[in-house]
$ cat protein36.cif   # mmCIF, C-alpha atoms
data_target
loop_
_atom_site.label_atom_id
_atom_site.label_comp_id
_atom_site.auth_asym_id
_atom_site.auth_seq_id
_atom_site.Cartn_x
_atom_site.Cartn_y
_atom_site.Cartn_z
CA MET E 1 12.83 12.41 45.20
CA TYR E 2 15.14 15.26 46.22
CA SER E 3 18.67 15.11 47.62
CA SER E 4 19.07 18.82 48.37
CA MET E 5 17.45 22.24 47.97
CA SER E 6 19.22 22.83 44.63
CA ASP E 7 18.20 19.35 43.40
CA CYS E 8 14.57 20.09 44.32
CA LEU E 9 14.78 23.45 42.50
CA ILE E 10 16.17 21.89 39.32
CA LYS E 11 13.70 18.99 39.24
CA THR E 12 10.71 21.24 39.94
CA ILE E 13 11.63 23.62 37.12
CA ARG E 14 12.19 20.69 34.74
CA SER E 15 8.86 19.01 35.50
CA GLU E 16 6.62 22.04 36.10
CA GLY E 17 8.43 25.02 34.60
CA TYR E 18 9.59 28.17 36.37
CA PHE E 19 6.11 29.10 37.58
CA GLY E 20 5.82 25.71 39.26
CA MET E 21 7.95 27.28 41.99
CA TYR E 22 5.01 29.58 42.76
CA ARG E 23 2.32 26.95 43.31
CA GLY E 24 0.39 27.89 46.45
CA ALA E 25 1.45 31.55 46.21
CA ALA E 26 -2.16 32.77 45.88
CA VAL E 27 -3.11 31.09 49.17
CA ASN E 28 -0.09 32.64 50.86
CA LEU E 29 -0.83 36.10 49.49
CA THR E 30 -4.44 35.87 50.66
CA LEU E 31 -3.87 34.55 54.17
CA VAL E 32 -0.34 35.49 55.23
CA THR E 33 -1.31 39.11 55.98
CA PRO E 34 -4.11 38.26 58.46
CA GLU E 35 -1.89 35.51 59.91
CA LYS E 36 0.97 37.89 60.69
CA ALA E 37 -1.44 40.62 61.84
CA ILE E 38 -3.03 38.22 64.34
CA LYS E 39 0.37 36.96 65.50
CA LEU E 40 1.95 40.38 66.09
CA ALA E 41 -1.16 42.05 67.49
CA ALA E 42 -1.91 39.12 69.82
CA ASN E 43 1.64 39.18 71.18
CA ASP E 44 1.41 42.91 71.91
CA PHE E 45 -2.02 42.43 73.46
CA PHE E 46 -0.80 39.71 75.82
CA ARG E 47 2.36 41.68 76.65
CA HIS E 48 0.17 44.68 77.46
CA GLN E 49 -2.06 42.58 79.71
CA LEU E 50 0.91 41.03 81.51
CA SER E 51 2.64 44.36 82.15
CA LYS E 52 -0.14 46.49 83.61
CA ASP E 53 2.14 47.52 86.44
CA GLY E 54 4.37 49.29 83.91
CA GLN E 55 7.41 47.22 84.73
CA LYS E 56 9.54 45.41 82.17
CA LEU E 57 8.28 41.94 81.39
CA THR E 58 10.23 39.03 82.78
CA LEU E 59 11.37 36.29 80.42
CA PRO E 60 8.65 33.83 81.56
CA LYS E 61 5.97 36.47 80.88
CA GLU E 62 7.45 37.22 77.47
CA MET E 63 7.33 33.51 76.68
CA LEU E 64 3.74 33.31 77.93
CA ALA E 65 2.73 36.21 75.67
CA GLY E 66 4.39 34.44 72.73
CA CYS E 67 2.53 31.25 73.61
CA GLY E 68 -0.78 33.12 73.46
CA ALA E 69 0.13 34.69 70.11
CA GLY E 70 1.08 31.32 68.60
CA THR E 71 -2.18 29.78 69.80
CA CYS E 72 -4.28 32.58 68.26
CA GLN E 73 -2.62 32.51 64.84
CA VAL E 74 -3.43 28.85 64.08
CA ILE E 75 -7.01 29.94 63.30
CA VAL E 76 -5.62 31.18 59.97
CA THR E 77 -2.35 29.24 59.73
CA THR E 78 -3.80 25.70 59.66
CA PRO E 79 -6.13 26.10 56.62
CA MET E 80 -3.48 28.20 54.86
CA GLU E 81 -0.83 25.51 55.32
CA MET E 82 -3.30 22.75 54.44
CA LEU E 83 -4.21 24.27 51.07
CA LYS E 84 -0.67 25.38 50.27
CA ILE E 85 0.75 21.90 50.85
CA GLN E 86 -1.88 20.24 48.63
CA LEU E 87 -1.16 22.68 45.79
CA GLN E 88 2.60 22.22 46.09
CA ASP E 89 2.28 18.45 46.43
CA ALA E 90 0.29 18.22 43.19
CA GLY E 91 3.44 18.74 41.12
CA ARG E 92 5.42 16.12 43.04
CA ILE E 93 2.66 13.52 42.70
CA ALA E 94 2.23 14.34 39.00
CA ALA E 95 5.97 13.87 38.45
CA GLN E 96 5.87 10.46 40.12
CA LYS E 97 2.89 9.40 38.00
CA LYS E 98 4.72 10.53 34.86
CA ILE E 99 7.73 8.38 35.78
CA LEU E 100 5.49 5.36 36.47
CA ALA E 101 3.64 5.90 33.18
CA ALA E 102 6.95 6.01 31.31
CA GLN E 103 8.06 2.79 32.99
CA ALA E 104 4.75 1.10 32.15
CA GLN E 105 5.03 2.25 28.54
CA LEU E 106 8.56 0.85 28.32
CA SER E 107 7.38 -2.47 29.74
CA ALA E 108 4.53 -2.55 27.23
CA GLN E 109 6.94 -1.93 24.36
CA VAL E 110 9.21 -4.73 25.56
CA GLY E 111 6.18 -7.02 25.73
CA ALA E 112 5.24 -6.03 22.15
CA ALA E 113 1.98 -4.50 23.34
CA THR E 114 0.56 -1.23 22.06
CA PRO E 115 1.55 1.51 24.51
CA VAL E 116 -1.26 3.64 25.80
CA GLU E 117 -0.40 7.01 27.27
CA ALA E 118 -2.48 7.91 30.30
CA PRO E 119 -4.02 11.37 30.18
CA ALA E 120 -2.51 13.90 32.58
CA ALA E 121 -4.71 14.67 35.54
CA PRO E 122 -5.71 18.35 35.81
CA ARG E 123 -3.98 20.31 38.55
CA PRO E 124 -6.30 21.32 41.41
CA THR E 125 -6.91 24.94 42.33
CA ALA E 126 -7.19 26.41 45.83
CA THR E 127 -10.93 27.00 45.32
CA GLN E 128 -11.47 23.44 44.14
CA LEU E 129 -9.47 22.01 47.05
CA THR E 130 -11.42 24.09 49.57
CA ARG E 131 -14.74 23.03 48.07
CA ASP E 132 -13.76 19.35 47.98
CA LEU E 133 -12.48 19.37 51.56
CA LEU E 134 -15.60 21.12 52.87
CA ARG E 135 -17.84 18.70 50.96
CA SER E 136 -16.03 15.52 52.07
CA ARG E 137 -14.81 16.39 55.56
CA GLY E 138 -16.57 19.57 56.59
CA ILE E 139 -14.75 22.46 58.28
CA ALA E 140 -12.58 19.89 60.09
CA GLY E 141 -11.00 19.04 56.73
CA LEU E 142 -9.37 22.46 56.56
CA TYR E 143 -8.04 21.98 60.09
CA LYS E 144 -6.39 18.60 59.57
CA GLY E 145 -3.04 18.74 61.36
CA LEU E 146 -4.23 21.38 63.85
CA GLY E 147 -2.43 19.69 66.74
CA ALA E 148 0.83 19.49 64.78
CA THR E 149 0.46 23.14 63.75
CA LEU E 150 0.01 24.12 67.39
CA LEU E 151 3.09 22.09 68.34
CA ARG E 152 5.06 24.03 65.72
CA ASP E 153 3.69 27.57 66.04
CA VAL E 154 3.41 27.84 69.82
CA PRO E 155 7.10 26.93 70.44
CA PHE E 156 8.04 29.16 67.50
CA SER E 157 6.36 32.15 69.13
CA VAL E 158 7.73 31.24 72.56
CA VAL E 159 11.26 31.41 71.09
CA TYR E 160 10.74 34.21 68.58
CA PHE E 161 9.06 37.02 70.53
CA PRO E 162 11.29 37.07 73.65
CA LEU E 163 14.39 36.77 71.45
CA PHE E 164 13.21 39.57 69.17
CA ALA E 165 12.26 41.85 72.08
CA ASN E 166 15.66 41.46 73.74
CA LEU E 167 17.63 41.87 70.50
CA ASP E 168 15.56 44.93 69.63
CA GLN E 169 16.15 46.33 73.13
CA LEU E 170 19.91 46.12 72.59
CA GLY E 171 19.64 48.49 69.63
CA ARG E 172 17.63 51.19 71.34
CA PRO E 173 19.61 54.41 71.92
CA ALA E 174 17.61 55.17 75.07
CA SER E 175 15.26 53.16 77.27
CA GLN E 176 12.16 55.12 76.20
CA GLU E 177 12.86 55.25 72.46
CA LYS E 178 12.12 52.84 69.65
CA ALA E 179 15.02 51.13 67.96
CA PRO E 180 15.95 52.29 64.44
CA PHE E 181 14.16 50.43 61.68
CA TYR E 182 17.28 48.53 60.62
CA VAL E 183 17.72 47.21 64.17
CA SER E 184 14.13 45.91 64.19
CA PHE E 185 14.73 44.38 60.77
CA LEU E 186 17.92 42.58 61.82
CA ALA E 187 16.37 41.49 65.13
CA GLY E 188 13.38 40.06 63.25
CA CYS E 189 15.68 38.23 60.82
CA VAL E 190 17.84 36.68 63.54
CA ALA E 191 14.93 35.77 65.83
CA GLY E 192 12.84 34.41 62.94
CA SER E 193 15.57 32.19 61.50
CA THR E 194 16.55 30.90 64.95
CA ALA E 195 12.96 30.01 65.87
CA ALA E 196 12.34 28.45 62.43
CA VAL E 197 15.29 26.07 62.76
CA ALA E 198 14.39 25.26 66.38
CA VAL E 199 10.88 24.05 65.49
CA ASN E 200 11.75 22.50 62.10
CA PRO E 201 11.19 18.90 63.37
CA CYS E 202 7.58 19.78 64.18
CA ASP E 203 7.20 21.41 60.76
CA VAL E 204 8.40 18.22 59.05
CA VAL E 205 5.82 16.14 60.93
CA LYS E 206 3.06 18.71 60.27
CA THR E 207 3.77 18.73 56.54
CA ARG E 208 3.63 14.92 56.33
CA LEU E 209 0.33 14.83 58.23
CA GLN E 210 -1.27 17.47 56.03
CA SER E 211 -0.29 15.79 52.74
CA LEU E 212 -3.51 14.13 51.61
CA GLN E 213 -2.04 12.58 48.47
CA ARG E 214 0.62 9.93 48.90
CA GLY E 215 3.29 9.04 46.41
CA VAL E 216 4.40 5.50 45.66
CA HIS E 217 5.74 3.65 48.72
CA GLU E 218 5.04 6.64 50.99
CA ASP E 219 3.87 5.94 54.55
CA THR E 220 0.47 6.82 55.96
CA TYR E 221 0.22 8.19 59.49
CA SER E 222 -2.38 7.91 62.22
CA GLY E 223 -1.19 10.87 64.25
CA PHE E 224 1.72 13.05 65.35
CA LEU E 225 3.58 10.39 67.36
CA ASP E 226 3.07 7.72 64.71
CA CYS E 227 4.42 10.06 62.03
CA ALA E 228 7.45 11.06 64.14
CA ARG E 229 8.21 7.39 64.93
CA LYS E 230 8.06 6.30 61.27
CA ILE E 231 10.24 9.19 60.12
CA TRP E 232 12.82 8.30 62.78
CA GLN E 233 12.76 4.59 61.88
CA HIS E 234 12.78 4.88 58.09
CA GLU E 235 14.78 8.07 57.47
CA GLY E 236 16.81 8.66 60.60
CA PRO E 237 17.00 11.70 62.91
CA SER E 238 18.50 13.90 60.18
CA ALA E 239 15.11 13.82 58.39
CA PHE E 240 13.69 16.14 61.05
CA LEU E 241 16.01 18.89 59.81
CA LYS E 242 14.95 18.60 56.17
CA GLY E 243 14.13 22.04 54.80
CA ALA E 244 15.56 23.87 57.83
CA TYR E 245 17.96 25.93 55.70
CA CYS E 246 15.21 26.84 53.25
CA ARG E 247 12.80 27.79 56.05
CA ALA E 248 15.42 29.99 57.66
CA LEU E 249 16.01 31.79 54.34
CA VAL E 250 12.27 32.47 53.98
CA ILE E 251 11.37 33.24 57.59
CA ALA E 252 14.27 35.64 58.25
CA PRO E 253 13.34 38.42 55.77
CA LEU E 254 9.62 37.74 56.26
CA PHE E 255 9.70 38.53 59.96
CA GLY E 256 12.31 41.26 59.52
CA ILE E 257 10.02 43.14 57.13
CA ALA E 258 6.91 42.39 59.24
CA GLN E 259 8.52 43.81 62.38
CA VAL E 260 9.70 46.96 60.59
CA VAL E 261 6.18 47.62 59.29
CA TYR E 262 4.63 46.84 62.66
CA PHE E 263 7.03 48.93 64.71
CA LEU E 264 6.57 51.92 62.41
CA GLY E 265 3.09 52.03 63.98
CA ILE E 266 1.09 51.17 60.85
CA ALA E 267 -0.41 47.99 62.27
CA GLU E 268 -1.23 49.53 65.64
CA SER E 269 -3.04 52.48 64.05
CA LEU E 270 -5.05 50.14 61.81
CA LEU E 271 -5.93 47.57 64.43
CA GLY E 272 -6.37 49.95 67.35
CA LEU E 273 -6.05 47.07 69.81
CA LEU E 274 -3.74 48.80 72.25
CA GLN E 275 -4.80 52.03 73.90
CA ASP E 276 -1.34 52.52 75.35
CA PRO E 277 1.23 51.05 72.89
CA GLN E 278 4.55 50.14 74.47
CA ALA E 279 7.70 51.67 73.17
#

$ encode --input "protein36.cif" --output "structure tokens"
Amino acid sequence: MYSSMSDCLIKTIRSEGYFGMYRGAAVNLTLVTPEKAIKLAANDFFRHQLSKDGQKLTLPKEMLAGCGAGTCQVIVTTPMEMLKIQLQDAGRIAAQKKILAAQAQLSAQVGAATPVEAPAAPRPTATQLTRDLLRSRGIAGLYKGLGATLLRDVPFSVVYFPLFANLDQLGRPASQEKAPFYVSFLAGCVAGSTAAVAVNPCDVVKTRLQSLQRGVHEDTYSGFLDCARKIWQHEGPSAFLKGAYCRALVIAPLFGIAQVVYFLGIAESLLGLLQDPQA
């Protein structure tokens, strides 16, 4: 349906209005804070556990700490992504149904039949989706695509946290001081956008697996490998980079701001997880 980010923007505003761009925002606002809190606090916790000797962490240990953080965050990330995708997909599916209804009406007019306009289906809410998923599939319904989410978020954290730590270290005026806030912000932006682009293929597969509603002529998938194979066969390797630019634009300021807030000490004082916070 969409040839580019600008094409998607224009078509979404035309079919759903300006506020259609904010579908799924309530789910994000509710769950993104605990998700980022778990991610950042878990990384610091694992770094603290791996550096009890007081020495600087090696790169493999930094990557291991990031792996642990990525694994912990999927407790919140998977249901958040699941609900967000269904809410955002509702507009796309509704637009396809509207096009099909218009085509059917045109065919009926050509055939001299009385056109009947199908009533528009009501848009689901996050509460309704959660209730329906729990009723039909149980708690496992909210965790559909868990494996794909792990395959995206664990490599993301493995790339992001070591890269951020080393970029942040470069901006510190002395070895025992914290970097200025703007250095942490820029380090978070660069590390976040780099990690987002690196794991974008896994994000594409995860999104397809978590889409419960299918449009016309859209494939169904039995698992991660089946989804990846069909995308490669039908759309080519470039399909795995769809949305990479948009993700980088979103993730960069998100993690830049999150790291500034976290490194100001607000999160550590609230969570109280580390008795001896590292500089």

$ closest_residue --input "protein36.cif" --among "E:Ala140, E:Ala244, E:Leu170, E:Ile38" --to "Asp203 (chain E)" --atoms "only C-alpha atoms"
E:Ala244

$ closest_residue --input "protein36.cif" --among "E:Lys230, E:Gly171, E:Thr77, E:Asp89" --to "Glu16 (chain E)" --atoms "only C-alpha atoms"
E:Asp89

$ resolve_selection --input "protein36.cif" --expression "the PyMOL selection byres ((chain E and resi 155) around 10)" --output "list in words"
Met63, Gly66, Cys67, Gly70, Thr71, Leu150, Leu151, Arg152, Asp153, Val154, Phe156, Ser157, Val158, Val159, Tyr160, Ala195, Ala196, Ala198, Val199 and Cys202 of chain E

$ residues_around --input "protein36.cif" --residues "Gly68 (chain E)" --least-positions-apart "3" --cutoff "8 Å" --atoms "all atoms listed in the file" --output "count of residues only"
8

$ atom_distance --input "protein36.cif" --atom1 "CA of Gln73 (chain E)" --atom2 "CA of Asn28 (chain E)"
14.2 Å

$ closest_residue --input "protein36.cif" --among "E:Arg229, E:Gln259, E:Pro79, E:Leu59" --to "Ala187 (chain E)" --atoms "all atoms listed in the file"
E:Gln259

$ axis_aligned_box --input "protein36.cif" --around "region 167-179 of chain E" --padding-each-side "8 Å" --output "lines of an AutoDock Vina configuration file"
center_x = 16.0
center_y = 48.6
center_z = 72.6
size_x = 23.8
size_y = 29.4
size_z = 25.3

$ resolve_selection --input "protein36.cif" --expression "the PyMOL selection byres ((chain E and resi 193) around 8)" --output "MDAnalysis selection string"
chainID E and resid 189:192 194:197 247:249 251:252

$ atom_distance --input "protein36.cif" --atom1 "CA of Leu133 (chain E)" --atom2 "CA of Asn200 (chain E)"
26.6 Å

$ closest_residue --input "protein36.cif" --among "E:Gln169, E:Gln86, E:Gln55, E:Thr149" --to "Leu129 (chain E)" --atoms "all atoms listed in the file"
E:Gln86

$ residues_around --input "protein36.cif" --residues "Ala258 (chain E)" --least-positions-apart "6" --cutoff "9 Å" --atoms "only C-alpha atoms" --output "PyMOL selection string"
chain E and resi 36-37+40+185+188

$ atom_distance --input "protein36.cif" --atom1 "CA of Leu87 (chain E)" --atom2 "CA of Gly236 (chain E)"
27.2 Å

$ resolve_selection --input "protein36.cif" --expression "the PyMOL selection byres ((chain E and resi 30) around 12)" --output "list in words"
Gly24, Ala25, Ala26, Val27, Asn28, Leu29, Leu31, Val32, Thr33, Pro34, Glu35, Lys36, Val76, Thr77, Pro79, Met80, Glu81, Leu83, Lys84 and Ala126 of chain E

$ closest_residue --input "protein36.cif" --among "E:Leu209, E:Ile139, E:Ala108, E:Gln49" --to "Lys61 (chain E)" --atoms "all atoms listed in the file"
E:Gln49

$ residues_around --input "protein36.cif" --residues "Gln210 (chain E)" --least-positions-apart "3" --cutoff "12 Å" --atoms "only C-alpha atoms" --output "PDB file with C-alpha atoms, keeping the file's coordinate frame"
ATOM      1  CA  THR E  78      -3.800  25.700  59.660  1.00  0.00           C
ATOM      2  CA  PRO E  79      -6.130  26.100  56.620  1.00  0.00           C
ATOM      3  CA  MET E  80      -3.480  28.200  54.860  1.00  0.00           C
ATOM      4  CA  GLU E  81      -0.830  25.510  55.320  1.00  0.00           C
ATOM      5  CA  MET E  82      -3.300  22.750  54.440  1.00  0.00           C
ATOM      6  CA  LEU E  83      -4.210  24.270  51.070  1.00  0.00           C
ATOM      7  CA  LYS E  84      -0.670  25.380  50.270  1.00  0.00           C
ATOM      8  CA  ILE E  85       0.750  21.900  50.850  1.00  0.00           C
ATOM      9  CA  GLN E  86      -1.880  20.240  48.630  1.00  0.00           C
ATOM     10  CA  LEU E  87      -1.160  22.680  45.790  1.00  0.00           C
ATOM     11  CA  GLN E  88       2.600  22.220  46.090  1.00  0.00           C
ATOM     12  CA  ASP E  89       2.280  18.450  46.430  1.00  0.00           C
ATOM     13  CA  GLY E 141     -11.000  19.040  56.730  1.00  0.00           C
ATOM     14  CA  LEU E 142      -9.370  22.460  56.560  1.00  0.00           C
ATOM     15  CA  TYR E 143      -8.040  21.980  60.090  1.00  0.00           C
ATOM     16  CA  LYS E 144      -6.390  18.600  59.570  1.00  0.00           C
ATOM     17  CA  GLY E 145      -3.040  18.740  61.360  1.00  0.00           C
ATOM     18  CA  LEU E 146      -4.230  21.380  63.850  1.00  0.00           C
ATOM     19  CA  GLY E 147      -2.430  19.690  66.740  1.00  0.00           C
ATOM     20  CA  ALA E 148       0.830  19.490  64.780  1.00  0.00           C
ATOM     21  CA  THR E 149       0.460  23.140  63.750  1.00  0.00           C
ATOM     22  CA  ASP E 203       7.200  21.410  60.760  1.00  0.00           C
ATOM     23  CA  VAL E 204       8.400  18.220  59.050  1.00  0.00           C
ATOM     24  CA  VAL E 205       5.820  16.140  60.930  1.00  0.00           C
ATOM     25  CA  LYS E 206       3.060  18.710  60.270  1.00  0.00           C
ATOM     26  CA  THR E 207       3.770  18.730  56.540  1.00  0.00           C
ATOM     27  CA  GLN E 213      -2.040  12.580  48.470  1.00  0.00           C
ATOM     28  CA  ARG E 214       0.620   9.930  48.900  1.00  0.00           C
ATOM     29  CA  THR E 220       0.470   6.820  55.960  1.00  0.00           C
ATOM     30  CA  TYR E 221       0.220   8.190  59.490  1.00  0.00           C
ATOM     31  CA  SER E 222      -2.380   7.910  62.220  1.00  0.00           C
ATOM     32  CA  GLY E 223      -1.190  10.870  64.250  1.00  0.00           C
ATOM     33  CA  PHE E 224       1.720  13.050  65.350  1.00  0.00           C
ATOM     34  CA  CYS E 227       4.420  10.060  62.030  1.00  0.00           C
TER      35      CYS E 227
END

$ closest_residue --input "protein36.cif" --among "E:Phe255, E:Leu225, E:Leu9, E:Pro162" --to "Met21 (chain E)" --atoms "only C-alpha atoms"
E:Leu9

$ build_atoms --input "protein36.cif" --residues "region 177-195 of chain E" --atoms "N, CA, C and O atoms" --output "PDB file, keeping the file's coordinate frame"
ATOM      1  N   GLU E 177      12.963  55.018  73.889  1.00  0.00           N
ATOM      2  CA  GLU E 177      12.860  55.250  72.460  1.00  0.00           C
ATOM      3  C   GLU E 177      12.755  53.932  71.703  1.00  0.00           C
ATOM      4  O   GLU E 177      13.213  52.904  72.164  1.00  0.00           O
ATOM      5  N   LYS E 178      12.168  54.014  70.513  1.00  0.00           N
ATOM      6  CA  LYS E 178      12.120  52.840  69.650  1.00  0.00           C
ATOM      7  C   LYS E 178      13.477  52.648  68.982  1.00  0.00           C
ATOM      8  O   LYS E 178      14.211  53.607  68.732  1.00  0.00           O
ATOM      9  N   ALA E 179      13.792  51.418  68.683  1.00  0.00           N
ATOM     10  CA  ALA E 179      15.020  51.130  67.960  1.00  0.00           C
ATOM     11  C   ALA E 179      14.895  51.607  66.525  1.00  0.00           C
ATOM     12  O   ALA E 179      13.795  51.685  65.977  1.00  0.00           O
ATOM     13  N   PRO E 180      16.006  51.945  65.871  1.00  0.00           N
ATOM     14  CA  PRO E 180      15.950  52.290  64.440  1.00  0.00           C
ATOM     15  C   PRO E 180      15.383  51.135  63.634  1.00  0.00           C
ATOM     16  O   PRO E 180      15.457  49.979  64.049  1.00  0.00           O
ATOM     17  N   PHE E 181      14.843  51.463  62.459  1.00  0.00           N
ATOM     18  CA  PHE E 181      14.160  50.430  61.680  1.00  0.00           C
ATOM     19  C   PHE E 181      15.082  49.288  61.300  1.00  0.00           C
ATOM     20  O   PHE E 181      14.661  48.136  61.256  1.00  0.00           O
ATOM     21  N   TYR E 182      16.371  49.604  61.033  1.00  0.00           N
ATOM     22  CA  TYR E 182      17.280  48.530  60.620  1.00  0.00           C
ATOM     23  C   TYR E 182      17.582  47.575  61.769  1.00  0.00           C
ATOM     24  O   TYR E 182      17.865  46.393  61.545  1.00  0.00           O
ATOM     25  N   VAL E 183      17.515  48.082  63.009  1.00  0.00           N
ATOM     26  CA  VAL E 183      17.720  47.210  64.170  1.00  0.00           C
ATOM     27  C   VAL E 183      16.551  46.251  64.305  1.00  0.00           C
ATOM     28  O   VAL E 183      16.732  45.045  64.539  1.00  0.00           O
ATOM     29  N   SER E 184      15.319  46.773  64.146  1.00  0.00           N
ATOM     30  CA  SER E 184      14.130  45.910  64.190  1.00  0.00           C
ATOM     31  C   SER E 184      14.165  44.876  63.070  1.00  0.00           C
ATOM     32  O   SER E 184      13.786  43.716  63.267  1.00  0.00           O
ATOM     33  N   PHE E 185      14.641  45.302  61.895  1.00  0.00           N
ATOM     34  CA  PHE E 185      14.730  44.380  60.770  1.00  0.00           C
ATOM     35  C   PHE E 185      15.711  43.241  61.058  1.00  0.00           C
ATOM     36  O   PHE E 185      15.396  42.061  60.886  1.00  0.00           O
ATOM     37  N   LEU E 186      16.901  43.596  61.524  1.00  0.00           N
ATOM     38  CA  LEU E 186      17.920  42.580  61.820  1.00  0.00           C
ATOM     39  C   LEU E 186      17.489  41.691  62.974  1.00  0.00           C
ATOM     40  O   LEU E 186      17.714  40.471  62.950  1.00  0.00           O
ATOM     41  N   ALA E 187      16.851  42.290  63.993  1.00  0.00           N
ATOM     42  CA  ALA E 187      16.370  41.490  65.130  1.00  0.00           C
ATOM     43  C   ALA E 187      15.304  40.503  64.669  1.00  0.00           C
ATOM     44  O   ALA E 187      15.287  39.342  65.106  1.00  0.00           O
ATOM     45  N   GLY E 188      14.401  40.955  63.783  1.00  0.00           N
ATOM     46  CA  GLY E 188      13.380  40.060  63.250  1.00  0.00           C
ATOM     47  C   GLY E 188      13.976  38.939  62.425  1.00  0.00           C
ATOM     48  O   GLY E 188      13.534  37.787  62.509  1.00  0.00           O
ATOM     49  N   CYS E 189      15.013  39.250  61.634  1.00  0.00           N
ATOM     50  CA  CYS E 189      15.680  38.230  60.820  1.00  0.00           C
ATOM     51  C   CYS E 189      16.340  37.171  61.688  1.00  0.00           C
ATOM     52  O   CYS E 189      16.174  35.960  61.467  1.00  0.00           O
ATOM     53  N   VAL E 190      17.115  37.625  62.679  1.00  0.00           N
ATOM     54  CA  VAL E 190      17.840  36.680  63.540  1.00  0.00           C
ATOM     55  C   VAL E 190      16.876  35.845  64.372  1.00  0.00           C
ATOM     56  O   VAL E 190      16.995  34.610  64.447  1.00  0.00           O
ATOM     57  N   ALA E 191      15.886  36.501  64.988  1.00  0.00           N
ATOM     58  CA  ALA E 191      14.930  35.770  65.830  1.00  0.00           C
ATOM     59  C   ALA E 191      14.089  34.816  64.995  1.00  0.00           C
ATOM     60  O   ALA E 191      13.816  33.682  65.408  1.00  0.00           O
ATOM     61  N   GLY E 192      13.667  35.261  63.795  1.00  0.00           N
ATOM     62  CA  GLY E 192      12.840  34.410  62.940  1.00  0.00           C
ATOM     63  C   GLY E 192      13.577  33.178  62.466  1.00  0.00           C
ATOM     64  O   GLY E 192      13.037  32.065  62.504  1.00  0.00           O
ATOM     65  N   SER E 193      14.807  33.340  61.989  1.00  0.00           N
ATOM     66  CA  SER E 193      15.570  32.190  61.500  1.00  0.00           C
ATOM     67  C   SER E 193      15.915  31.230  62.631  1.00  0.00           C
ATOM     68  O   SER E 193      15.868  30.003  62.453  1.00  0.00           O
ATOM     69  N   THR E 194      16.234  31.758  63.800  1.00  0.00           N
ATOM     70  CA  THR E 194      16.550  30.900  64.950  1.00  0.00           C
ATOM     71  C   THR E 194      15.340  30.072  65.367  1.00  0.00           C
ATOM     72  O   THR E 194      15.438  28.856  65.577  1.00  0.00           O
ATOM     73  N   ALA E 195      14.177  30.722  65.478  1.00  0.00           N
ATOM     74  CA  ALA E 195      12.960  30.010  65.870  1.00  0.00           C
ATOM     75  C   ALA E 195      12.543  29.001  64.802  1.00  0.00           C
ATOM     76  O   ALA E 195      12.070  27.904  65.129  1.00  0.00           O
TER      77      ALA E 195
END
